[in-house]
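Chemist: Take this structure first; my questions come after.
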Amino acid sequence: MSGLIFHLIPHTHWDREWYLPRAAFQARLLPVLDDLIERLQSDAGYRSFLLDGQTVLVADYLTARPERKADIQTLVKTGRLQVGPWYVLADELIPSGEALVRNLLLGAADADQLGGRLDVLYSPDAFGHPAAWPTLAREFGIRCGVVWRGLGGEPGQERDLYRWRGPDGRDVLIWHLPPAGYEVGAALPAAADRLAGAWAAIRPGGARNREAHPRVHRRRPSRRAPRRVAPARPAGRARAAQRVPGVAPR
């Protein structure tokens with residue numbers, strides 16, 4: 001196990017509506033974020049939390065807890081709470097390209113109001129990705145991404161780090177989550193002597209994958225506060241909402 005660095009990223013995956021109606025998930029969301037905010041505020045060792053790559057969770061939470069907006073803004077500005085870049089995670093092969101662009105426009109506008117956007121195109125649960133995914137990322141100033149579903153199972157897709165080039169030639173560096181997906185860290189053992197076995201189960205051939213990209217082990221997570229990024233298209237929520245029925249400017 002020498003030479004391997006594990007990065008544990010606290011996060012949640014949150015379906016706004018799925019096997020329960022939206023109201024039921026909203027009722028669960030409130031205590032989850034109440035607890036998260038309190039924990040981040042009280043424990044400096046709890047460095048950061050990834051809020052599933054979408055800002056709609058915060059919007060839903062603030063409809064019921066508007067008094068917590070300043071707390072959230074402080075956590076976002078200091079990099080403790082990571083929000084966006086999406087407004088809502090999409091099943092990316094179903095909406096139109098225009099819908100995906102406006103999704104990121106609204107996410108960028110929301111994240112800017114909260115204090116900064118996550119500069120990773122986080123798409124862990126889409127059941128496929130359009131060929132223009134790298135182009136979409138680069139249009140919004142994003143150079144890295146994370147995927148899980150929608151990649152794997154074909155020859156040449158056994159590794160976990162790729163440079164994906166879009167039809168226009170622009171590319172992004174993507175990390176492909178292990179077969180167990182975004183929950184892979186939930187059952188990691190605390191005992192050091194059991195980690196080797198856990199790593200083998202997480203990513204068979206993981207050492208080989210790393211050897212294929214010798215510079216990967218030198219990468220470190222940034223401690224900088226999130227950037228306030230202006231997308232390549234008009235970014236204001238009011239402007240983004242002009243042709244999106246049901247979306248009101250804030």
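By convention here, the chains of the structure tokens are called A, B, ... in the order presented, each chain's residues are numbered starting at 1, and ligands are numbered starting at 1 in the order presented.
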Considering only C-alpha atoms, return as a ChimeraX atom specification whatever protein or nucleic-acid residues lie within 7 Å of Leu121 (chain A), sequence-local ones (same chain, fewer than 3 positions apart) excluded.

Modeler: /A:85,137,142,144-146

Chemist: Would you save the residues of that selection, restricted to C-alpha atoms, as a tab-separated table (two decimals), in the first residue's frame?

Modeler:
chain	number	residue	atom	x	y	z
A	85	PRO	CA	-22.09	23.42	-11.11
A	137	ALA	CA	-17.83	21.67	-19.57
A	142	ILE	CA	-14.66	23.59	-16.34
A	144	CYS	CA	-12.36	18.31	-14.88
A	145	GLY	CA	-15.28	15.95	-14.39
A	146	VAL	CA	-16.55	12.90	-12.54

Chemist: Given only C-alpha atoms, how would the per-residue table for region 96-168 of chain A near region 11-20 of chain A read, listing every residue at most 12 Å away with its closest atom pair and distance in Å to one decimal, sorted by chain and number, as CSV?

Modeler:
residue,atom,partner,partner_atom,distance
A:Tyr122,CA,A:His13,CA,11.1
A:Ser123,CA,A:His13,CA,10.8
A:Pro124,CA,A:His13,CA,8.9
A:Asp125,CA,A:His13,CA,8.8
A:Ala126,CA,A:Asp15,CA,11.9

Chemist: Keeping only N, CA and C atoms, write those residues as a tab-separated table (two decimals), in the first residue's frame.

Modeler:
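Final output, saved to result_3.tsv:
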chain	number	residue	atom	x	y	z
A	122	TYR	N	-19.76	17.36	-12.28
A	122	TYR	CA	-20.04	16.17	-11.48
A	122	TYR	C	-21.32	15.52	-12.00
A	123	SER	N	-21.18	14.35	-12.63
A	123	SER	CA	-22.32	13.66	-13.24
A	123	SER	C	-22.27	12.18	-12.87
A	124	PRO	N	-22.46	11.85	-11.60
A	124	PRO	CA	-22.24	10.47	-11.17
A	124	PRO	C	-23.37	9.51	-11.49
A	125	ASP	N	-24.56	10.03	-11.75
A	125	ASP	CA	-25.70	9.12	-11.79
A	125	ASP	C	-26.50	9.21	-13.08
A	126	ALA	N	-25.96	9.87	-14.11
A	126	ALA	CA	-26.63	9.89	-15.41
A	126	ALA	C	-26.40	8.55	-16.10

Chemist: Near Leu75 (chain A), within 8 Å and counting only C-alpha atoms, which residues show up once chain neighbours fewer than 5 positions away are dropped, as a PyMOL selection string?

Modeler: chain A and resi 40+80-81

Chemist: Find the residues of region 151-175 of chain A that sit at most 12 Å from region 128-133 of chain A; for each, write down the nearest two atoms and how far apart they are in Å, to one decimal. Count only C-alpha atoms. Sort by chain, then by number going up, and give it as JSON lines.

Modeler:
{"residue": "A:Leu151", "atom": "CA", "partner": "A:Gly128", "partner_atom": "CA", "distance": 7.3}
{"residue": "A:Gly152", "atom": "CA", "partner": "A:Gly128", "partner_atom": "CA", "distance": 10.6}
{"residue": "A:Arg163", "atom": "CA", "partner": "A:Trp133", "partner_atom": "CA", "distance": 12.0}
{"residue": "A:Trp164", "atom": "CA", "partner": "A:Trp133", "partner_atom": "CA", "distance": 8.8}
{"residue": "A:Arg165", "atom": "CA", "partner": "A:Ala131", "partner_atom": "CA", "distance": 8.6}
{"residue": "A:Gly166", "atom": "CA", "partner": "A:Ala132", "partner_atom": "CA", "distance": 5.3}
{"residue": "A:Pro167", "atom": "CA", "partner": "A:Ala132", "partner_atom": "CA", "distance": 6.4}
{"residue": "A:Asp168", "atom": "CA", "partner": "A:Ala132", "partner_atom": "CA", "distance": 8.1}
{"residue": "A:Gly169", "atom": "CA", "partner": "A:Ala132", "partner_atom": "CA", "distance": 9.9}
{"residue": "A:Arg170", "atom": "CA", "partner": "A:Ala132", "partner_atom": "CA", "distance": 9.4}
{"residue": "A:Asp171", "atom": "CA", "partner": "A:Trp133", "partner_atom": "CA", "distance": 9.1}
{"residue": "A:Val172", "atom": "CA", "partner": "A:Trp133", "partner_atom": "CA", "distance": 8.9}
{"residue": "A:Leu173", "atom": "CA", "partner": "A:Trp133", "partner_atom": "CA", "distance": 11.5}
{"residue": "A:Ile174", "atom": "CA", "partner": "A:Trp133", "partner_atom": "CA", "distance": 10.8}

Chemist: Could the residues in this selection be written to a file with C-alpha atoms, as a compact mmCIF listing (two decimals), in the first residue's frame?

Modeler:
# COMPACT_ATOMS: atom_id res chain seq x y z
CA LEU A 151 -19.02 4.56 -18.89
CA GLY A 152 -17.48 1.12 -18.50
CA ARG A 163 -8.95 12.56 -21.06
CA TRP A 164 -12.21 12.88 -22.96
CA ARG A 165 -12.13 14.91 -26.17
CA GLY A 166 -15.35 16.36 -27.59
CA PRO A 167 -16.31 16.72 -31.25
CA ASP A 168 -14.85 20.26 -31.34
CA GLY A 169 -11.46 19.06 -30.06
CA ARG A 170 -11.71 20.48 -26.54
CA ASP A 171 -11.16 18.01 -23.75
CA VAL A 172 -11.61 17.44 -20.02
CA LEU A 173 -9.87 15.19 -17.50
CA ILE A 174 -12.45 12.80 -16.03

Chemist: What gap, in Å, lies between CA of Arg102 (chain A) and CA of Gly115 (chain A)?

Modeler: 19.7 Å

Chemist: If you run DSSP on this backbone, which residues of region 14-228 of chain A come out as strand (DSSP E), and could you give them as a PyMOL selection string?

Modeler: chain A and resi 49-50+81-82+121-123+144-147+161-165+171-176

Chemist: Fewer than 4 positions away in the same chain doesn't count, so skip those; otherwise give me all residues within 10 Å of Val83 (chain A), counting only C-alpha atoms, as a list in words.

Modeler: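 Surrounding residues, per the criterion: Phe49, Leu50, Leu51, Asp52, Gly53, Gln54, Thr55, Val56, Leu57, Val58, Val76, Gly79, Tyr87, Gly107, Ala108, Asp110, Ala111, Asp112, Leu114, Gly115, Gly116, Arg117, Leu118, Asp119 and Pro226 of chain A.
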
Chemist: Please report the interatomic distance between CA of Leu106 (chain A) and CA of Trp86 (chain A) in Å with one decimal.

Modeler: 7.5 Å

Chemist: How far is it from CA of Val101 (chain A) to CA of Leu136 (chain A), in Å with one decimal?

Modeler: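 Straight-line distance from CA of Val101 (chain A) to CA of Leu136 (chain A) works out to 7.3 Å.
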
Chemist: Please identify which residues in region 99-171 of chain A DSSP calls alpha helix (DSSP H) from the backbone, and express them as a list in words.

Modeler: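 Matching residues, listed in order: Ala99, Leu100, Val101, Arg102, Asn103, Leu104, Leu105, Leu106, Gly107, Ala108, Ala109, Asp110, Ala111, Asp112, Gln113, Leu114, Trp133, Pro134, Thr135, Leu136, Ala137, Arg138 and Glu139 of chain A.
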
Chemist: Can you spit out the residues from that selection as an mmCIF file, in the first residue's frame, using C-alpha atoms?

Modeler:
data_model
loop_
_atom_site.group_PDB
_atom_site.id
_atom_site.type_symbol
_atom_site.label_atom_id
_atom_site.label_comp_id
_atom_site.auth_asym_id
_atom_site.auth_seq_id
_atom_site.Cartn_x
_atom_site.Cartn_y
_atom_site.Cartn_z
ATOM 1 C CA ALA A 99 -31.751 22.415 -21.575
ATOM 2 C CA LEU A 100 -28.317 21.240 -20.402
ATOM 3 C CA VAL A 101 -26.807 24.658 -21.168
ATOM 4 C CA ARG A 102 -29.544 26.440 -19.229
ATOM 5 C CA ASN A 103 -29.211 23.938 -16.405
ATOM 6 C CA LEU A 104 -25.569 25.008 -16.004
ATOM 7 C CA LEU A 105 -26.463 28.687 -16.443
ATOM 8 C CA LEU A 106 -28.933 28.515 -13.571
ATOM 9 C CA GLY A 107 -26.487 26.510 -11.458
ATOM 10 C CA ALA A 108 -23.751 29.078 -12.065
ATOM 11 C CA ALA A 109 -26.065 31.961 -11.156
ATOM 12 C CA ASP A 110 -27.188 30.238 -7.947
ATOM 13 C CA ALA A 111 -23.642 29.274 -6.975
ATOM 14 C CA ASP A 112 -22.439 32.824 -7.584
ATOM 15 C CA GLN A 113 -25.065 34.144 -5.174
ATOM 16 C CA LEU A 114 -23.970 31.609 -2.588
ATOM 17 C CA TRP A 133 -20.089 16.676 -22.643
ATOM 18 C CA PRO A 134 -16.457 17.925 -22.712
ATOM 19 C CA THR A 135 -17.472 20.887 -24.885
ATOM 20 C CA LEU A 136 -20.276 21.735 -22.467
ATOM 21 C CA ALA A 137 -17.827 21.667 -19.574
ATOM 22 C CA ARG A 138 -15.268 23.873 -21.308
ATOM 23 C CA GLU A 139 -17.936 26.409 -22.346
#

Chemist: Find the residue from A:Phe127, A:Ala180, A:Tyr46, A:Gln41 that sits nearest to Ala90 (chain A); use only C-alpha atoms when measuring.

Modeler: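 Smallest distance to Ala90 (chain A) is found for A:Phe127.
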